[in-house]
>>> print(open('input.pdb').read())   # PDB, C-alpha atoms and all ligand atoms
ATOM      1  CA  MET A   1       0.000   0.000   0.000
ATOM      2  CA  THR A   2       2.724   2.456   1.035
ATOM      3  CA  MET A   3       4.732   1.565  -2.088
ATOM      4  CA  LYS A   4       1.673   2.177  -4.277
ATOM      5  CA  ILE A   5       1.076   5.607  -2.706
ATOM      6  CA  THR A   6       4.745   6.563  -3.137
ATOM      7  CA  PHE A   7       4.635   5.506  -6.811
ATOM      8  CA  GLU A   8       1.443   7.490  -7.429
ATOM      9  CA  LYS A   9       2.985  10.563  -5.769
ATOM     10  CA  LYS A  10       6.032  10.276  -8.035
ATOM     11  CA  VAL A  11       3.896   9.963 -11.165
ATOM     12  CA  LEU A  12       1.828  12.986 -10.153
ATOM     13  CA  SER A  13       4.804  15.185  -9.317
ATOM     14  CA  LYS A  14       6.379  14.328 -12.699
ATOM     15  CA  ASN A  15       3.033  15.180 -14.295
ATOM     16  CA  ASP A  16       2.927  18.501 -12.414
ATOM     17  CA  ARG A  17       6.359  19.484 -13.773
ATOM     18  CA  ILE A  18       5.271  18.728 -17.333
ATOM     19  CA  ALA A  19       1.963  20.539 -16.770
ATOM     20  CA  ALA A  20       3.900  23.646 -15.706
ATOM     21  CA  GLU A  21       5.800  23.461 -19.000
ATOM     22  CA  VAL A  22       2.535  23.140 -20.960
ATOM     23  CA  ARG A  23       1.109  26.117 -19.033
ATOM     24  CA  ARG A  24       4.149  28.226 -19.943
ATOM     25  CA  HIS A  25       3.729  27.321 -23.633
ATOM     26  CA  LEU A  26       0.054  28.158 -23.650
ATOM     27  CA  THR A  27       0.182  31.384 -21.653
ATOM     28  CA  THR A  28       3.075  32.863 -23.640
ATOM     29  CA  ARG A  29       1.068  32.197 -26.799
ATOM     30  CA  GLY A  30      -2.102  33.692 -25.265
ATOM     31  CA  ILE A  31      -4.025  30.412 -25.441
ATOM     32  CA  VAL A  32      -6.745  29.667 -22.880
ATOM     33  CA  ALA A  33      -7.107  25.915 -22.354
ATOM     34  CA  VAL A  34     -10.208  24.421 -20.771
ATOM     35  CA  ASN A  35     -10.174  20.818 -19.527
ATOM     36  CA  LEU A  36     -13.641  19.201 -19.829
ATOM     37  CA  ILE A  37     -14.130  16.250 -17.480
ATOM     38  CA  GLY A  38     -17.202  14.074 -17.000
ATOM     39  CA  SER A  39     -18.599  10.552 -17.127
ATOM     40  CA  PRO A  40     -18.811   8.654 -20.410
ATOM     41  CA  GLY A  41     -21.726  10.093 -22.350
ATOM     42  CA  SER A  42     -22.233  13.174 -20.138
ATOM     43  CA  GLY A  43     -22.193  15.374 -23.247
ATOM     44  CA  LYS A  44     -18.578  16.577 -23.521
ATOM     45  CA  THR A  45     -18.268  16.239 -27.297
ATOM     46  CA  SER A  46     -21.733  17.716 -27.771
ATOM     47  CA  LEU A  47     -20.625  20.772 -25.794
ATOM     48  CA  VAL A  48     -17.412  21.054 -27.828
ATOM     49  CA  GLU A  49     -19.479  20.861 -31.046
ATOM     50  CA  ARG A  50     -21.828  23.618 -29.848
ATOM     51  CA  THR A  51     -18.869  25.728 -28.707
ATOM     52  CA  ALA A  52     -17.122  25.251 -32.065
ATOM     53  CA  ALA A  53     -20.127  26.718 -33.850
ATOM     54  CA  TRP A  54     -20.234  29.690 -31.450
ATOM     55  CA  CYS A  55     -16.482  30.351 -31.797
ATOM     56  CA  HIS A  56     -16.725  30.752 -35.564
ATOM     57  CA  GLY A  57     -15.747  34.374 -36.370
ATOM     58  CA  ARG A  58     -15.068  35.134 -32.690
ATOM     59  CA  PHE A  59     -12.160  33.082 -31.362
ATOM     60  CA  ALA A  60      -9.698  30.846 -33.173
ATOM     61  CA  THR A  61     -10.304  27.512 -31.483
ATOM     62  CA  ALA A  62      -9.049  23.935 -31.643
ATOM     63  CA  ALA A  63      -9.767  20.786 -29.667
ATOM     64  CA  LEU A  64      -7.858  17.873 -28.240
ATOM     65  CA  THR A  65     -10.001  14.907 -27.423
ATOM     66  CA  GLY A  66      -9.005  11.846 -25.428
ATOM     67  CA  ASP A  67     -10.520   8.394 -25.722
ATOM     68  CA  GLN A  68      -9.320   4.863 -25.081
ATOM     69  CA  ALA A  69     -10.126   3.942 -28.688
ATOM     70  CA  THR A  70     -11.554   5.376 -31.960
ATOM     71  CA  ARG A  71     -11.399   8.856 -33.422
ATOM     72  CA  HIS A  72     -15.167   9.315 -33.397
ATOM     73  CA  ASP A  73     -15.059  12.465 -31.276
ATOM     74  CA  ALA A  74     -12.325  14.207 -33.317
ATOM     75  CA  ASP A  75     -14.321  13.491 -36.492
ATOM     76  CA  ARG A  76     -17.480  14.948 -34.927
ATOM     77  CA  ILE A  77     -15.630  18.056 -33.742
ATOM     78  CA  GLU A  78     -14.011  18.624 -37.138
ATOM     79  CA  ARG A  79     -17.423  18.372 -38.763
ATOM     80  CA  ALA A  80     -18.512  21.118 -36.332
ATOM     81  CA  GLY A  81     -15.873  23.363 -37.873
ATOM     82  CA  ILE A  82     -12.698  23.431 -35.777
ATOM     83  CA  PRO A  83      -9.433  21.457 -35.995
ATOM     84  CA  ALA A  84      -9.337  18.480 -33.629
ATOM     85  CA  ILE A  85      -6.612  16.075 -32.622
ATOM     86  CA  GLN A  86      -7.669  12.696 -31.266
ATOM     87  CA  ILE A  87      -5.472  11.376 -28.475
ATOM     88  CA  THR A  88      -5.931   7.622 -28.164
ATOM     89  CA  THR A  89      -4.965   6.549 -24.658
ATOM     90  CA  GLY A  90      -5.292   2.743 -24.936
ATOM     91  CA  ASN A  91      -5.462   1.318 -21.415
ATOM     92  CA  GLU A  92      -5.225   4.704 -19.711
ATOM     93  CA  CYS A  93      -8.406   6.224 -18.307
ATOM     94  CA  HIS A  94      -7.267   9.870 -18.341
ATOM     95  CA  LEU A  95      -5.140  12.363 -20.251
ATOM     96  CA  ASN A  96      -1.826  13.426 -18.746
ATOM     97  CA  ALA A  97       0.310  16.522 -19.286
ATOM     98  CA  GLN A  98       2.832  14.743 -21.520
ATOM     99  CA  ARG A  99       0.081  13.963 -24.024
ATOM    100  CA  ILE A 100      -0.793  17.659 -24.211
ATOM    101  CA  LEU A 101       2.878  18.684 -24.447
ATOM    102  CA  ASP A 102       3.232  16.298 -27.406
ATOM    103  CA  CYS A 103       0.528  18.316 -29.212
ATOM    104  CA  VAL A 104       1.262  21.953 -28.330
ATOM    105  CA  SER A 105       3.523  22.576 -31.326
ATOM    106  CA  ARG A 106       1.218  20.927 -33.856
ATOM    107  CA  ASP A 107      -0.062  23.083 -36.742
ATOM    108  CA  GLU A 108      -3.677  22.664 -35.597
ATOM    109  CA  LEU A 109      -2.869  24.574 -32.386
ATOM    110  CA  TRP A 110      -0.621  27.193 -33.881
ATOM    111  CA  ASP A 111      -2.555  30.461 -33.963
ATOM    112  CA  ILE A 112      -5.428  29.643 -31.679
ATOM    113  CA  GLU A 113      -6.861  31.573 -28.720
ATOM    114  CA  LEU A 114      -9.010  28.843 -27.161
ATOM    115  CA  LEU A 115      -8.116  25.175 -26.687
ATOM    116  CA  LEU A 116     -10.927  22.825 -25.671
ATOM    117  CA  ILE A 117      -9.574  19.625 -24.140
ATOM    118  CA  GLU A 118     -12.081  16.793 -23.854
ATOM    119  CA  ASN A 119     -10.781  14.316 -21.302
ATOM    120  CA  VAL A 120     -11.441  10.564 -21.345
ATOM    121  CA  GLY A 121     -14.951   9.849 -20.025
ATOM    122  CA  ASN A 122     -14.327   9.230 -16.312
ATOM    123  CA  LEU A 123     -15.302  11.091 -13.136
ATOM    124  CA  ILE A 124     -12.310  10.010 -11.069
ATOM    125  CA  CYS A 125      -8.849   9.650 -12.639
ATOM    126  CA  PRO A 126      -8.757  12.737 -14.936
ATOM    127  CA  ALA A 127      -9.289  15.021 -11.931
ATOM    128  CA  ALA A 128      -5.874  14.137 -10.486
ATOM    129  CA  TYR A 129      -3.897  15.122 -13.584
ATOM    130  CA  ASP A 130      -3.109  18.775 -14.184
ATOM    131  CA  LEU A 131      -2.859  19.282 -17.960
ATOM    132  CA  GLY A 132      -1.575  22.859 -17.801
ATOM    133  CA  GLU A 133      -5.096  24.135 -18.420
ATOM    134  CA  ALA A 134      -6.459  27.538 -17.348
ATOM    135  CA  ALA A 135      -9.626  25.971 -15.969
ATOM    136  CA  LYS A 136     -11.231  22.623 -15.251
ATOM    137  CA  VAL A 137     -14.892  22.121 -16.076
ATOM    138  CA  ALA A 138     -16.840  19.246 -14.508
ATOM    139  CA  LEU A 139     -19.835  18.022 -16.491
ATOM    140  CA  LEU A 140     -22.700  16.379 -14.623
ATOM    141  CA  SER A 141     -25.567  15.236 -16.830
ATOM    142  CA  VAL A 142     -29.118  14.905 -15.541
ATOM    143  CA  PRO A 143     -29.352  11.080 -16.013
ATOM    144  CA  GLU A 144     -26.347  10.547 -13.702
ATOM    145  CA  GLY A 145     -28.111  11.730 -10.540
ATOM    146  CA  ASP A 146     -27.700  14.834  -8.392
ATOM    147  CA  ASP A 147     -25.649  13.099  -5.664
ATOM    148  CA  LYS A 148     -22.514  12.734  -7.811
ATOM    149  CA  PRO A 149     -20.639  15.790  -6.451
ATOM    150  CA  LEU A 150     -20.803  14.210  -2.971
ATOM    151  CA  LYS A 151     -19.782  10.754  -4.205
ATOM    152  CA  TYR A 152     -16.916  11.934  -6.424
ATOM    153  CA  PRO A 153     -15.740  15.084  -4.615
ATOM    154  CA  GLY A 154     -12.204  15.163  -6.074
ATOM    155  CA  LEU A 155     -13.311  16.416  -9.461
ATOM    156  CA  PHE A 156     -15.773  19.017  -8.178
ATOM    157  CA  GLN A 157     -13.291  20.366  -5.629
ATOM    158  CA  ARG A 158     -10.727  20.947  -8.366
ATOM    159  CA  ALA A 159     -13.176  22.286 -10.962
ATOM    160  CA  ASP A 160     -13.729  25.999 -11.563
ATOM    161  CA  LEU A 161     -17.130  25.370 -13.126
ATOM    162  CA  MET A 162     -19.760  22.648 -12.944
ATOM    163  CA  VAL A 163     -21.884  22.281 -16.060
ATOM    164  CA  ILE A 164     -25.205  20.564 -15.423
ATOM    165  CA  SER A 165     -25.823  19.140 -18.890
ATOM    166  CA  LYS A 166     -28.916  17.668 -20.593
ATOM    167  CA  ILE A 167     -31.342  19.904 -18.689
ATOM    168  CA  ASP A 168     -33.946  19.122 -21.363
ATOM    169  CA  LEU A 169     -34.208  15.802 -19.464
ATOM    170  CA  LEU A 170     -35.145  17.449 -16.150
ATOM    171  CA  GLY A 171     -38.420  15.948 -14.963
ATOM    172  CA  SER A 172     -37.669  12.522 -16.458
ATOM    173  CA  SER A 173     -36.059  11.345 -13.201
ATOM    174  CA  ASP A 174     -35.662  12.519  -9.597
ATOM    175  CA  PHE A 175     -32.676  14.728 -10.517
ATOM    176  CA  ASP A 176     -33.063  18.093  -8.774
ATOM    177  CA  ALA A 177     -30.791  20.777 -10.240
ATOM    178  CA  ASP A 178     -30.940  22.945  -7.078
ATOM    179  CA  ARG A 179     -29.917  19.936  -4.985
ATOM    180  CA  ALA A 180     -27.068  19.168  -7.426
ATOM    181  CA  GLU A 181     -25.813  22.742  -6.969
ATOM    182  CA  ARG A 182     -26.123  22.523  -3.175
ATOM    183  CA  ASN A 183     -24.245  19.203  -3.180
ATOM    184  CA  ALA A 184     -21.453  20.693  -5.295
ATOM    185  CA  ARG A 185     -21.163  23.828  -3.118
ATOM    186  CA  GLU A 186     -21.118  21.717   0.058
ATOM    187  CA  ILE A 187     -17.774  20.200  -0.958
ATOM    188  CA  ALA A 188     -16.605  23.018  -3.289
ATOM    189  CA  PRO A 189     -17.935  26.396  -2.077
ATOM    190  CA  HIS A 190     -16.031  28.260  -4.816
ATOM    191  CA  ILE A 191     -17.603  26.405  -7.747
ATOM    192  CA  GLU A 192     -19.545  28.262 -10.432
ATOM    193  CA  VAL A 193     -22.493  26.487 -12.045
ATOM    194  CA  VAL A 194     -24.061  26.648 -15.498
ATOM    195  CA  ARG A 195     -27.120  24.617 -16.500
ATOM    196  CA  LEU A 196     -27.496  23.864 -20.186
ATOM    197  CA  SER A 197     -28.782  21.592 -22.898
ATOM    198  CA  CYS A 198     -26.874  20.923 -26.082
ATOM    199  CA  ARG A 199     -30.064  19.497 -27.542
ATOM    200  CA  THR A 200     -32.259  22.596 -27.145
ATOM    201  CA  GLY A 201     -29.518  25.220 -26.772
ATOM    202  CA  GLU A 202     -30.993  26.436 -23.437
ATOM    203  CA  GLY A 203     -28.292  27.884 -21.167
ATOM    204  CA  LEU A 204     -25.560  27.867 -23.814
ATOM    205  CA  GLY A 205     -25.327  31.658 -23.574
ATOM    206  CA  ARG A 206     -24.269  31.362 -19.931
ATOM    207  CA  TRP A 207     -21.553  28.871 -20.941
ATOM    208  CA  THR A 208     -20.241  31.082 -23.739
ATOM    209  CA  GLY A 209     -20.430  34.055 -21.342
ATOM    210  CA  TRP A 210     -18.257  32.178 -18.857
ATOM    211  CA  LEU A 211     -15.802  31.322 -21.646
ATOM    212  CA  THR A 212     -15.701  34.941 -22.850
ATOM    213  CA  THR A 213     -14.843  36.109 -19.334
ATOM    214  CA  ARG A 214     -12.040  33.529 -19.071
ATOM    215  CA  LEU A 215     -10.678  34.574 -22.465
ATOM    216  CA  ALA A 216     -10.777  38.258 -21.511
ATOM    217  CA  GLN A 217      -9.102  37.635 -18.126
ATOM    218  CA  THR A 218      -6.446  35.216 -19.230
ATOM    219  CA  ALA A 219      -5.221  36.708 -22.469
ATOM    220  CA  PRO A 220      -5.925  40.442 -22.304
ATOM    221  CA  LEU A 221      -3.245  41.346 -24.846
ATOM    222  CA  THR A 222      -4.853  39.509 -27.732
ATOM    223  CA  ALA A 223      -7.263  41.534 -29.870
ATOM    224  CA  ARG A 224     -10.755  40.067 -29.705
ATOM    225  CA  ARG A 225     -14.215  40.600 -31.073
ATOM    226  CA  ASP A 226     -17.301  40.251 -28.863
TER     227      ASP A 226
HETATM  228  N1  LIG B 301     -31.175  14.805 -24.302
HETATM  229  C1  LIG B 301     -29.923  15.243 -24.463
HETATM  230  N2  LIG B 301     -28.995  14.419 -24.945
HETATM  231  C2  LIG B 301     -27.744  14.898 -25.091
HETATM  232  C3  LIG B 301     -27.374  16.229 -24.741
HETATM  233  N3  LIG B 301     -26.048  16.377 -24.963
HETATM  234  C4  LIG B 301     -25.618  15.208 -25.459
HETATM  235  N4  LIG B 301     -26.619  14.309 -25.531
HETATM  236  C5  LIG B 301     -26.561  12.935 -26.022
HETATM  237  O1  LIG B 301     -25.815  12.153 -25.100
HETATM  238  C6  LIG B 301     -25.055  11.165 -25.781
HETATM  239  C7  LIG B 301     -23.590  11.298 -25.417
HETATM  240  O2  LIG B 301     -23.136  12.579 -25.838
HETATM  241  P1  LIG B 301     -21.601  12.865 -26.134
HETATM  242  O3  LIG B 301     -21.477  14.305 -26.448
HETATM  243  O4  LIG B 301     -21.059  11.877 -27.118
HETATM  244  O5  LIG B 301     -20.967  12.552 -24.709
HETATM  245  P2  LIG B 301     -19.431  12.460 -24.277
HETATM  246  O6  LIG B 301     -19.372  12.936 -22.880
HETATM  247  O7  LIG B 301     -18.577  13.154 -25.257
HETATM  248  O8  LIG B 301     -19.184  10.877 -24.344
HETATM  249  P3  LIG B 301     -17.746  10.121 -24.237
HETATM  250  O9  LIG B 301     -16.774  10.883 -25.092
HETATM  251  O10 LIG B 301     -18.056   8.767 -24.794
HETATM  252  O11 LIG B 301     -17.386  10.094 -22.791
HETATM  253  C8  LIG B 301     -25.326  11.390 -27.280
HETATM  254  O12 LIG B 301     -26.323  10.499 -27.692
HETATM  255  C9  LIG B 301     -25.811  12.820 -27.329
HETATM  256  O13 LIG B 301     -26.657  13.087 -28.429
HETATM  257  C10 LIG B 301     -28.410  17.082 -24.243
HETATM  258  O14 LIG B 301     -28.204  18.248 -23.900
HETATM  259  N5  LIG B 301     -29.645  16.528 -24.101
HETATM  260 MG    MG B 302     -16.895  12.465 -26.278
END
>>> encode(input="input.pdb", output="structure tokens", more="lines below")
Ligand SMILES: Nc1nc2c(ncn2[C@@H]2O[C@H](COP(=O)(O)OP(=O)(O)OP(=O)(O)O)[C@@H](O)[C@H]2O)c(=O)[nH]1
Ligand SMILES: [Mg+2]
Amino acid sequence: MTMKITFEKKVLSKNDRIAAEVRRHLTTRGIVAVNLIGSPGSGKTSLVERTAAWCHGRFATAALTGDQATRHDADRIERAGIPAIQITTGNECHLNAQRILDCVSRDELWDIELLLIENVGNLICPAAYDLGEAAKVALLSVPEGDDKPLKYPGLFQRADLMVISKIDLLGSSDFDADRAERNAREIAPHIEVVRLSCRTGEGLGRWTGWLTTRLAQTAPLTARRD
């Protein structure tokens, strides 16, 4: 047990050093990176697709998307209009900073302002790995249940924003969005919350508003359009 903990600590501190290098790369180039984390099927790619459409003519944007297998998500995101690199992780259940570092000099990321990173679908492991991002976003979809912030606190405590996704499905189960927010704030008092549906578009303006604020705060030197 002790040996396992020591090994995990070593892996994480190596990851933290690489993440710091990624962060330096991104901030000197004025790129805001957002790390999207949530269960399989919580709606991460759908949110990236919607965001890609919104970014058109506003912010130069690209995506990195992690999955154990297939390039389905990268293909979907490219069809939505932005460059996407699929990172295939094989047995690994999360992205790590080295995988992002391997991509930061790729052409697809060259002149961008916003980098959307879709992590491997998983509520636990991705939370522990800093990718050098400016912000972590935790997605919680209505079908998963409103108790998840209490059951998987690590992600919500590290996240800047919780997105409650698939709100068009409210009423189809006992999910209570106010209770989900209370549960998240109980273990993460700082967390901001946006409720949205990629199906109907409801709430997407609050998400893009949050992104616009992050872009304005993090890279004030870059000329931008509203
Ligand atoms: N009703 C409803 N369905 C949605 C919404 N957003 C996504 N979905 C559906 O949920 C399913 C999973 O969506 P994805 O965007 O692929 O989810 P993901 O989190 O990227 O999934 P993984 O990459 O496999 O972890 C798809 O069938 C989507 O059409 C939504 O707002 N409402
Ligand atoms: Mg996906």
>>> residues_near_ligand(input="input.pdb", ligand="ligand LIG 301 (chain B)", cutoff="7 Å", atoms="all atoms listed in the file", output="mmCIF file with C-alpha atoms, in the frame of the given file")
data_model
loop_
_atom_site.group_PDB
_atom_site.id
_atom_site.type_symbol
_atom_site.label_atom_id
_atom_site.label_comp_id
_atom_site.auth_asym_id
_atom_site.auth_seq_id
_atom_site.Cartn_x
_atom_site.Cartn_y
_atom_site.Cartn_z
ATOM 1 C CA GLY A 38 -17.202 14.074 -17.000
ATOM 2 C CA SER A 39 -18.599 10.552 -17.127
ATOM 3 C CA PRO A 40 -18.811 8.654 -20.410
ATOM 4 C CA GLY A 41 -21.726 10.093 -22.350
ATOM 5 C CA SER A 42 -22.233 13.174 -20.138
ATOM 6 C CA GLY A 43 -22.193 15.374 -23.247
ATOM 7 C CA LYS A 44 -18.578 16.577 -23.521
ATOM 8 C CA THR A 45 -18.268 16.239 -27.297
ATOM 9 C CA SER A 46 -21.733 17.716 -27.771
ATOM 10 C CA LEU A 47 -20.625 20.772 -25.794
ATOM 11 C CA ASP A 67 -10.520 8.394 -25.722
ATOM 12 C CA ASP A 73 -15.059 12.465 -31.276
ATOM 13 C CA VAL A 120 -11.441 10.564 -21.345
ATOM 14 C CA GLY A 121 -14.951 9.849 -20.025
ATOM 15 C CA SER A 165 -25.823 19.140 -18.890
ATOM 16 C CA LYS A 166 -28.916 17.668 -20.593
ATOM 17 C CA ILE A 167 -31.342 19.904 -18.689
ATOM 18 C CA ASP A 168 -33.946 19.122 -21.363
ATOM 19 C CA LEU A 169 -34.208 15.802 -19.464
ATOM 20 C CA LEU A 196 -27.496 23.864 -20.186
ATOM 21 C CA SER A 197 -28.782 21.592 -22.898
ATOM 22 C CA CYS A 198 -26.874 20.923 -26.082
ATOM 23 C CA ARG A 199 -30.064 19.497 -27.542
ATOM 24 C CA THR A 200 -32.259 22.596 -27.145
#
>>> atom_distance(input="input.pdb", atom1="CA of Arg158 (chain A)", atom2="CA of Lys10 (chain A)")
19.9 Å
>>> residues_around(input="input.pdb", residues="region 112-115 of chain A", least_positions_apart="4", cutoff="9 Å", atoms="all atoms listed in the file", output="mmCIF file with C-alpha atoms, in the coordinates of the input")
data_model
loop_
_atom_site.group_PDB
_atom_site.id
_atom_site.type_symbol
_atom_site.label_atom_id
_atom_site.label_comp_id
_atom_site.auth_asym_id
_atom_site.auth_seq_id
_atom_site.Cartn_x
_atom_site.Cartn_y
_atom_site.Cartn_z
ATOM 1 C CA ARG A 29 1.068 32.197 -26.799
ATOM 2 C CA GLY A 30 -2.102 33.692 -25.265
ATOM 3 C CA ILE A 31 -4.025 30.412 -25.441
ATOM 4 C CA VAL A 32 -6.745 29.667 -22.880
ATOM 5 C CA ALA A 33 -7.107 25.915 -22.354
ATOM 6 C CA VAL A 34 -10.208 24.421 -20.771
ATOM 7 C CA ASN A 35 -10.174 20.818 -19.527
ATOM 8 C CA CYS A 55 -16.482 30.351 -31.797
ATOM 9 C CA PHE A 59 -12.160 33.082 -31.362
ATOM 10 C CA ALA A 60 -9.698 30.846 -33.173
ATOM 11 C CA THR A 61 -10.304 27.512 -31.483
ATOM 12 C CA ALA A 62 -9.049 23.935 -31.643
ATOM 13 C CA ALA A 63 -9.767 20.786 -29.667
ATOM 14 C CA LEU A 64 -7.858 17.873 -28.240
ATOM 15 C CA GLU A 108 -3.677 22.664 -35.597
ATOM 16 C CA GLU A 133 -5.096 24.135 -18.420
ATOM 17 C CA LEU A 215 -10.678 34.574 -22.465
ATOM 18 C CA ALA A 219 -5.221 36.708 -22.469
ATOM 19 C CA THR A 222 -4.853 39.509 -27.732
#
>>> resolve_selection(input="input.pdb", expression="the PyMOL selection byres (((chain A and resi 131) around 10) and not hetatm)", output="JSON, numbers by chain")
{"A": [15, 16, 18, 19, 20, 21, 22, 23, 33, 34, 35, 95, 96, 97, 98, 99, 100, 101, 117, 119, 126, 127, 128, 129, 130, 132, 133, 134, 135, 136]}
>>> atom_distance(input="input.pdb", atom1="CA of Thr28 (chain A)", atom2="CA of Arg58 (chain A)")
20.4 Å
>>> closest_residue(input="input.pdb", among="A:Gln86, A:Thr27, A:Thr218, A:Thr51", to="ligand MG 302 (chain B)", atoms="only C-alpha atoms and all ligand atoms")
A:Gln86
>>> residues_around(input="input.pdb", residues="Lys151 (chain A)", least_positions_apart="6", cutoff="12 Å", atoms="only C-alpha atoms", output="compact mmCIF listing (two decimals) with C-alpha atoms, keeping the file's coordinate frame")
# COMPACT_ATOMS: atom_id res chain seq x y z
CA LEU A 123 -15.30 11.09 -13.14
CA ILE A 124 -12.31 10.01 -11.07
CA GLU A 144 -26.35 10.55 -13.70
CA GLY A 145 -28.11 11.73 -10.54
CA GLN A 157 -13.29 20.37 -5.63
CA ALA A 180 -27.07 19.17 -7.43
CA ASN A 183 -24.24 19.20 -3.18
CA ALA A 184 -21.45 20.69 -5.30
CA GLU A 186 -21.12 21.72 0.06
CA ILE A 187 -17.77 20.20 -0.96
>>> atom_distance(input="input.pdb", atom1="CA of Asp160 (chain A)", atom2="CA of Ser172 (chain A)")
27.9 Å
>>> closest_residue(input="input.pdb", among="A:Thr89, A:His94, A:Ala53, A:Thr6", to="Ile37 (chain A)", atoms="all atoms listed in the file")
A:His94
>>> residues_near_point(input="input.pdb", point="(-14.3, 21.4, -24.0)", cutoff="6 Å", atoms="all atoms listed in the file", output="PyMOL selection string")
chain A and resi 36+48+116-118
>>> write_last_selection(input="input.pdb", atoms="C-alpha atoms", output="tab-separated table (two decimals), in the coordinates of the input")
chain	number	residue	atom	x	y	z
A	36	LEU	CA	-13.64	19.20	-19.83
A	48	VAL	CA	-17.41	21.05	-27.83
A	116	LEU	CA	-10.93	22.82	-25.67
A	117	ILE	CA	-9.57	19.62	-24.14
A	118	GLU	CA	-12.08	16.79	-23.85
>>> axis_aligned_box(input="input.pdb", around="region 97-105 of chain A", padding_each_side="4 Å", output="JSON")
{"center_x": 1.4, "center_y": 18.3, "center_z": -25.3, "size_x": 12.3, "size_y": 16.6, "size_z": 20.0}
>>> closest_residue(input="input.pdb", among="A:Arg76, A:Lys9, A:His190, A:Arg24", to="ligand MG 302 (chain B)", atoms="all atoms listed in the file")
A:Arg76
>>> residues_near_point(input="input.pdb", point="(2.8, 23.4, -26.9)", cutoff="7 Å", atoms="only C-alpha atoms", output="PyMOL selection string")
chain A and resi 22+25-26+101+103-105
>>> residues_around(input="input.pdb", residues="Ala52 (chain A)", least_positions_apart="3", cutoff="7 Å", atoms="all atoms listed in the file", output="ChimeraX atom specification")
/A:48-49,55-56,80-82
>>> closest_residue(input="input.pdb", among="A:Thr65, A:Thr213, A:Asn122, A:Thr70", to="ligand MG 302 (chain B)", atoms="only C-alpha atoms and all ligand atoms")
A:Thr65
>>> closest_residue(input="input.pdb", among="A:Val142, A:Ala177, A:Val137, A:Ile87", to="Trp210 (chain A)", atoms="only C-alpha atoms")
A:Val137
